[in-house]
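**Q** My structure is below; once you've seen it, I'll send some questions.
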Amino acid sequence: MSTRFRRHRTKIIPAISTVVMAILLTGCLGNEEDWHGKNISGLMPELEFDLINSQGDPVSSNDYSGRVRMLFFGFTSCPDVCPTTLQKLNQVTSGLSPELQEEVLTLFVSVDPQRDNPERLAEYVDFFGDDIVGLTGEELQLRELAKRYRTTFGYEEPGPDGNYAVSHSSAIYVFDREGNPRLLIRPDLSGEEIRHDLVALIQEGS
Amino acid sequence: MSLLDYLLPYDFSPLTVLSYMLVMGFYGIGLLRIPDQDRPGALRIFAFTLGVIICYAVMQTRFDYYAQYMFFVHRGQHLILHHIGPILIALSNPLPVMRFWFEKISPGWRRTLQPLGCVYHVLQQPFIALFLFVGLIYFWLWPSIHFDAMLSRDLYWVMNWSMLLDGLLFWWLIFDPRPPAITSSLGYGRRMLVLAAAGVLQMFLGAWIVFSRDMVYDVYEVCGRAWPLDPEVDQLLGGMLTYIPPAMMSILGILLILRRAMHEDGKYTNHSKNLERKAS
């Protein structure tokens with residue numbers, strides 16, 4: 001019995017180590033693209049939504065097609081992540097040449113429709129630059145969009161002053177001109193790194 | 001949110017619902033049709049049904065929503081898909097029902113299905129089974145792969161289904177009710193060794209997650225949580241769910257096998273003596 005067992009093992013161990021090596025190698029090769037953000041090509045569906053803009057008009061993803069789009073979820077009462085991210089994105093885009101600037105658009109989706117009415121949203125996005133579109137919608141519409149991009153948001157119980165925190169995605173989803181998902185940018189990337197990725201994406205299609 | 005919202009799937013998968021319906025349908029019809037003496041008792045039927053229902057519940061109810069956006073709930077989901085559900089199903093011993101349906105398959109079909117049987121035998125080699133069981137946990141928890149799996153809907157489904165199917169294969173190998181003394185099922189000693197190895201290897205991974213100071217699984221941070229929970233608490237809870245219950249399942253499994261081995265001790269000695277005589 002034991003010899004049979006040993007004979008089995010001698011055959012199986014090389015087989016197992018080959019599989020492990022293969023997995024490890026593919027894991028290493030997967031990161032060789034020259035992006036600072038995370039490559040999400042093929043992992044997610046293309047950009048599609050039906051929301052309202054900060055003028056209160058219904059809009060769809062087609063209204064913004066033809067440009068590289070950076071989608072970001074947040075809320076205007078956000079104390080930290082949203083203002084820092086929007087400021088960083090504004091720095092990134094305003095550092096681009098005027099021709100390149102026209103090719104990029106930031107879509108800020110507020111997931112707090114109860115407090116963020118179109119006026120408040122307009123005021124907020126205007127503060128952070130010209131190439132930012134504020135979007136929001138019914139909670140159900142927002143849930144659908146969030147689900148499509150494998151993210152979610154949640155509301156904290158309101159405090160005595162009626163304020164509450166909203167948990168939301170901190171990532172920026174970047175779509176190319178055709179609306180294909182391309183990059184997921186973590187908030188800890190520097191403005192310089194984001195700019196590098198954006199320029200590469202813009203120049204890719206032209 | 002109404003009760004119905006909690007019971008309906010967050011991400012509806014027709015294939016998943018259909019598979020579960022077929023399993024329960026075949027089990028139910030099989031139960032009614034098999035001879036009385038083969039029919040499992042109430043406790044076994046209950047164990048089987050409970051195992052199937054909890055696996056369904058973590059895949060096709062609101063639970064799945066929380067599993068997608070909270071690391072510790074995700075670990076709970078895999079604990080059920082990879083351990084508790086399959087353990088209940090394997091312990092319920094659905095062999096009489098399976099045998100009933102197998103006899104219904106025509107010889108032509110049986111021949112067509114032969115390669116499937118070969119694949120099954122390869123997967124049930126103890127080393128391969130152990131490697132797959134532990135390997136899949138490590139694979140889907142590999143930080144970069146975990147990140148992709150949580151971002152891609154397709155990969156997410158592949159992950160959950162692979163965990164469930166491998167869980168069923170592994171725990172069936174461990175709790176195979178056929179006595180190894182007279183059938184080709186795996187010997188009790190080896191079953192216990194495989195369980196011990198699986199337990200130790202899972203403890204390494206669990207301990208690593210629990211004691212990690214950095215955020216290992218930042219996808220939940222990047223993609224938002226179901227409710228605002230401190231990321232470190234989420235990771236700690238998830239790590240503990242990877243660390244403690246699976247190790248307990250291994251110990252529990254070893255005790256159950258030990259009990260069965262002691263129970264069968266001496267029962268088949270004449271048979272094995274005959275075999276030995278034949279061999280010599």
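Within each chain, counting starts at residue 1; across the structure tokens, chains are named A, B, ... in the order shown, with ligands numbered 1 upward in that order.
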Would you give me, as a tab-separated table, each residue of stretch 61-119 of chain A having an atom within 9 Å of an atom of stretch 128-145 of chain A, along with its shortest atom pair and that distance in Å to one decimal, using only C-alpha atoms and sorting by chain and residue number?
**A**
residue	atom	partner	partner_atom	distance
A:Pro83	CA	A:Phe128	CA	8.3
A:Leu86	CA	A:Phe128	CA	6.4
A:Gln87	CA	A:Phe128	CA	6.1
A:Leu89	CA	A:Phe128	CA	8.8
A:Asn90	CA	A:Gly129	CA	6.1
A:Thr93	CA	A:Asp131	CA	8.1
A:Ser94	CA	A:Gly129	CA	8.5
A:Gln101	CA	A:Asp131	CA	8.1
A:Glu102	CA	A:Asp131	CA	8.3
A:Val104	CA	A:Asp131	CA	7.5
A:Leu105	CA	A:Asp131	CA	5.5
A:Thr106	CA	A:Ile132	CA	4.7
A:Leu107	CA	A:Val133	CA	5.0
A:Phe108	CA	A:Gly134	CA	4.9
A:Val109	CA	A:Leu135	CA	4.6
A:Ser110	CA	A:Thr136	CA	5.2
A:Val111	CA	A:Leu142	CA	6.4
A:Asp112	CA	A:Glu139	CA	7.9
A:Pro113	CA	A:Thr136	CA	6.4
A:Gln114	CA	A:Glu139	CA	8.7
A:Asp116	CA	A:Thr136	CA	7.9
A:Asn117	CA	A:Thr136	CA	8.1
A:Pro118	CA	A:Thr136	CA	7.7
**Q** Residues of chain A within 9 Å of chain B, counting only C-alpha atoms, what are they? List them as number ranges by chain.
**A** A: 9, 12-13, 16, 23, 27, 40, 42-45, 147-156, 165-172, 186-187
**Q** List the spatial neighbours of A:Leu201 as a PyMOL selection string - criterion: any atom at most 10 Å away, only C-alpha atoms, same-chain residues fewer than 6 positions off excluded.
**A** chain A and resi 35+68+103-104+174-177+182-183+195
**Q** Take the residues that were just selected and, keeping all heavy atoms, output them as an mmCIF file, in the first residue's frame.
**A**
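Printed below is again-v1.cif as written:
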data_model
loop_
_atom_site.group_PDB
_atom_site.id
_atom_site.type_symbol
_atom_site.label_atom_id
_atom_site.label_comp_id
_atom_site.auth_asym_id
_atom_site.auth_seq_id
_atom_site.Cartn_x
_atom_site.Cartn_y
_atom_site.Cartn_z
ATOM 1 N N TRP A 35 0.206 51.027 -17.296
ATOM 2 C CA TRP A 35 -0.796 51.897 -16.690
ATOM 3 C C TRP A 35 -0.490 52.068 -15.208
ATOM 4 O O TRP A 35 -0.027 51.142 -14.566
ATOM 5 C CB TRP A 35 -2.202 51.310 -16.827
ATOM 6 C CG TRP A 35 -2.687 51.076 -18.221
ATOM 7 C CD1 TRP A 35 -2.886 49.865 -18.824
ATOM 8 C CD2 TRP A 35 -3.062 52.059 -19.191
ATOM 9 N NE1 TRP A 35 -3.359 50.037 -20.110
ATOM 10 C CE2 TRP A 35 -3.469 51.372 -20.349
ATOM 11 C CE3 TRP A 35 -3.083 53.458 -19.197
ATOM 12 C CZ2 TRP A 35 -3.904 52.028 -21.504
ATOM 13 C CZ3 TRP A 35 -3.517 54.110 -20.344
ATOM 14 C CH2 TRP A 35 -3.920 53.408 -21.481
ATOM 15 N N VAL A 68 -13.027 60.924 -23.454
ATOM 16 C CA VAL A 68 -12.593 60.035 -22.371
ATOM 17 C C VAL A 68 -13.312 60.500 -21.113
ATOM 18 O O VAL A 68 -13.300 61.684 -20.786
ATOM 19 C CB VAL A 68 -11.066 60.111 -22.189
ATOM 20 C CG1 VAL A 68 -10.642 59.385 -20.913
ATOM 21 C CG2 VAL A 68 -10.364 59.518 -23.393
ATOM 22 N N GLU A 103 -10.916 66.756 -24.674
ATOM 23 C CA GLU A 103 -11.164 65.328 -24.891
ATOM 24 C C GLU A 103 -11.551 64.597 -23.613
ATOM 25 O O GLU A 103 -11.824 63.412 -23.641
ATOM 26 C CB GLU A 103 -9.901 64.657 -25.472
ATOM 27 C CG GLU A 103 -9.404 65.241 -26.768
ATOM 28 C CD GLU A 103 -10.310 64.864 -27.925
ATOM 29 O OE1 GLU A 103 -10.984 63.830 -27.832
ATOM 30 O OE2 GLU A 103 -10.344 65.618 -28.912
ATOM 31 N N VAL A 104 -11.506 65.308 -22.474
ATOM 32 C CA VAL A 104 -11.745 64.636 -21.191
ATOM 33 C C VAL A 104 -12.937 65.259 -20.481
ATOM 34 O O VAL A 104 -13.162 66.463 -20.550
ATOM 35 C CB VAL A 104 -10.521 64.764 -20.257
ATOM 36 C CG1 VAL A 104 -10.647 63.804 -19.094
ATOM 37 C CG2 VAL A 104 -9.252 64.517 -20.995
ATOM 38 N N VAL A 174 -12.519 54.949 -15.445
ATOM 39 C CA VAL A 174 -12.188 55.678 -16.671
ATOM 40 C C VAL A 174 -12.660 54.883 -17.886
ATOM 41 O O VAL A 174 -12.365 53.690 -18.015
ATOM 42 C CB VAL A 174 -10.673 55.947 -16.770
ATOM 43 C CG1 VAL A 174 -10.371 56.859 -17.956
ATOM 44 C CG2 VAL A 174 -10.166 56.564 -15.481
ATOM 45 N N PHE A 175 -13.415 55.570 -18.759
ATOM 46 C CA PHE A 175 -13.924 54.950 -19.978
ATOM 47 C C PHE A 175 -13.295 55.644 -21.179
ATOM 48 O O PHE A 175 -13.086 56.857 -21.144
ATOM 49 C CB PHE A 175 -15.449 55.103 -20.053
ATOM 50 C CG PHE A 175 -16.158 54.398 -18.929
ATOM 51 C CD1 PHE A 175 -16.312 55.023 -17.692
ATOM 52 C CD2 PHE A 175 -16.663 53.119 -19.086
ATOM 53 C CE1 PHE A 175 -16.946 54.380 -16.644
ATOM 54 C CE2 PHE A 175 -17.299 52.474 -18.042
ATOM 55 C CZ PHE A 175 -17.442 53.106 -16.818
ATOM 56 N N ASP A 176 -13.007 54.891 -22.226
ATOM 57 C CA ASP A 176 -12.413 55.521 -23.410
ATOM 58 C C ASP A 176 -13.501 56.187 -24.261
ATOM 59 O O ASP A 176 -14.681 56.190 -23.896
ATOM 60 C CB ASP A 176 -11.571 54.514 -24.216
ATOM 61 C CG ASP A 176 -12.399 53.369 -24.786
ATOM 62 O OD1 ASP A 176 -13.628 53.497 -24.844
ATOM 63 O OD2 ASP A 176 -11.791 52.344 -25.167
ATOM 64 N N ARG A 177 -13.096 56.738 -25.386
ATOM 65 C CA ARG A 177 -14.034 57.485 -26.244
ATOM 66 C C ARG A 177 -15.243 56.666 -26.664
ATOM 67 O O ARG A 177 -16.338 57.178 -26.836
ATOM 68 C CB ARG A 177 -13.296 57.954 -27.491
ATOM 69 C CG ARG A 177 -12.775 59.354 -27.357
ATOM 70 C CD ARG A 177 -12.213 59.732 -28.693
ATOM 71 N NE ARG A 177 -10.782 59.518 -28.662
ATOM 72 C CZ ARG A 177 -9.907 60.507 -28.554
ATOM 73 N NH1 ARG A 177 -10.341 61.741 -28.513
ATOM 74 N NH2 ARG A 177 -8.629 60.282 -28.516
ATOM 75 N N ARG A 182 -11.878 51.102 -19.110
ATOM 76 C CA ARG A 182 -10.449 50.917 -19.322
ATOM 77 C C ARG A 182 -9.654 50.866 -18.030
ATOM 78 O O ARG A 182 -8.836 49.987 -17.832
ATOM 79 C CB ARG A 182 -9.901 52.029 -20.218
ATOM 80 C CG ARG A 182 -10.494 52.015 -21.620
ATOM 81 C CD ARG A 182 -10.216 50.711 -22.340
ATOM 82 N NE ARG A 182 -8.804 50.523 -22.515
ATOM 83 C CZ ARG A 182 -8.112 51.001 -23.536
ATOM 84 N NH1 ARG A 182 -8.720 51.663 -24.495
ATOM 85 N NH2 ARG A 182 -6.818 50.794 -23.614
ATOM 86 N N LEU A 183 -9.877 51.830 -17.147
ATOM 87 C CA LEU A 183 -9.022 51.891 -15.954
ATOM 88 C C LEU A 183 -9.837 52.167 -14.706
ATOM 89 O O LEU A 183 -10.874 52.825 -14.751
ATOM 90 C CB LEU A 183 -7.993 53.013 -16.101
ATOM 91 C CG LEU A 183 -6.982 52.894 -17.225
ATOM 92 C CD1 LEU A 183 -6.211 54.201 -17.342
ATOM 93 C CD2 LEU A 183 -6.025 51.740 -16.971
ATOM 94 N N ARG A 195 -2.483 61.794 -14.855
ATOM 95 C CA ARG A 195 -2.314 62.541 -16.106
ATOM 96 C C ARG A 195 -1.656 61.654 -17.171
ATOM 97 O O ARG A 195 -2.079 61.622 -18.319
ATOM 98 C CB ARG A 195 -1.484 63.799 -15.866
ATOM 99 C CG ARG A 195 -1.470 64.724 -17.079
ATOM 100 C CD ARG A 195 -0.738 66.015 -16.812
ATOM 101 N NE ARG A 195 -1.338 66.750 -15.709
ATOM 102 C CZ ARG A 195 -0.643 67.275 -14.703
ATOM 103 N NH1 ARG A 195 0.669 67.137 -14.658
ATOM 104 N NH2 ARG A 195 -1.241 67.927 -13.725
#
**Q** Calculated over only C-alpha atoms, which of the candidates B:Ile257, B:Leu31, B:Ile174, B:Met248 has the smallest distance to B:Pro96?
**A**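 Between B:Ile257, B:Leu31, B:Ile174, B:Met248, the residue approaching B:Pro96 most closely is B:Leu31.
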**Q** Write down as a ChimeraX atom specification the residues belonging to stretch 73-183 of chain B that are assigned alpha helix (DSSP H) by DSSP computed on the backbone.
**A** /B:73-79,85-91,95-104,107-112,114-123,126-141,143-151,153-175
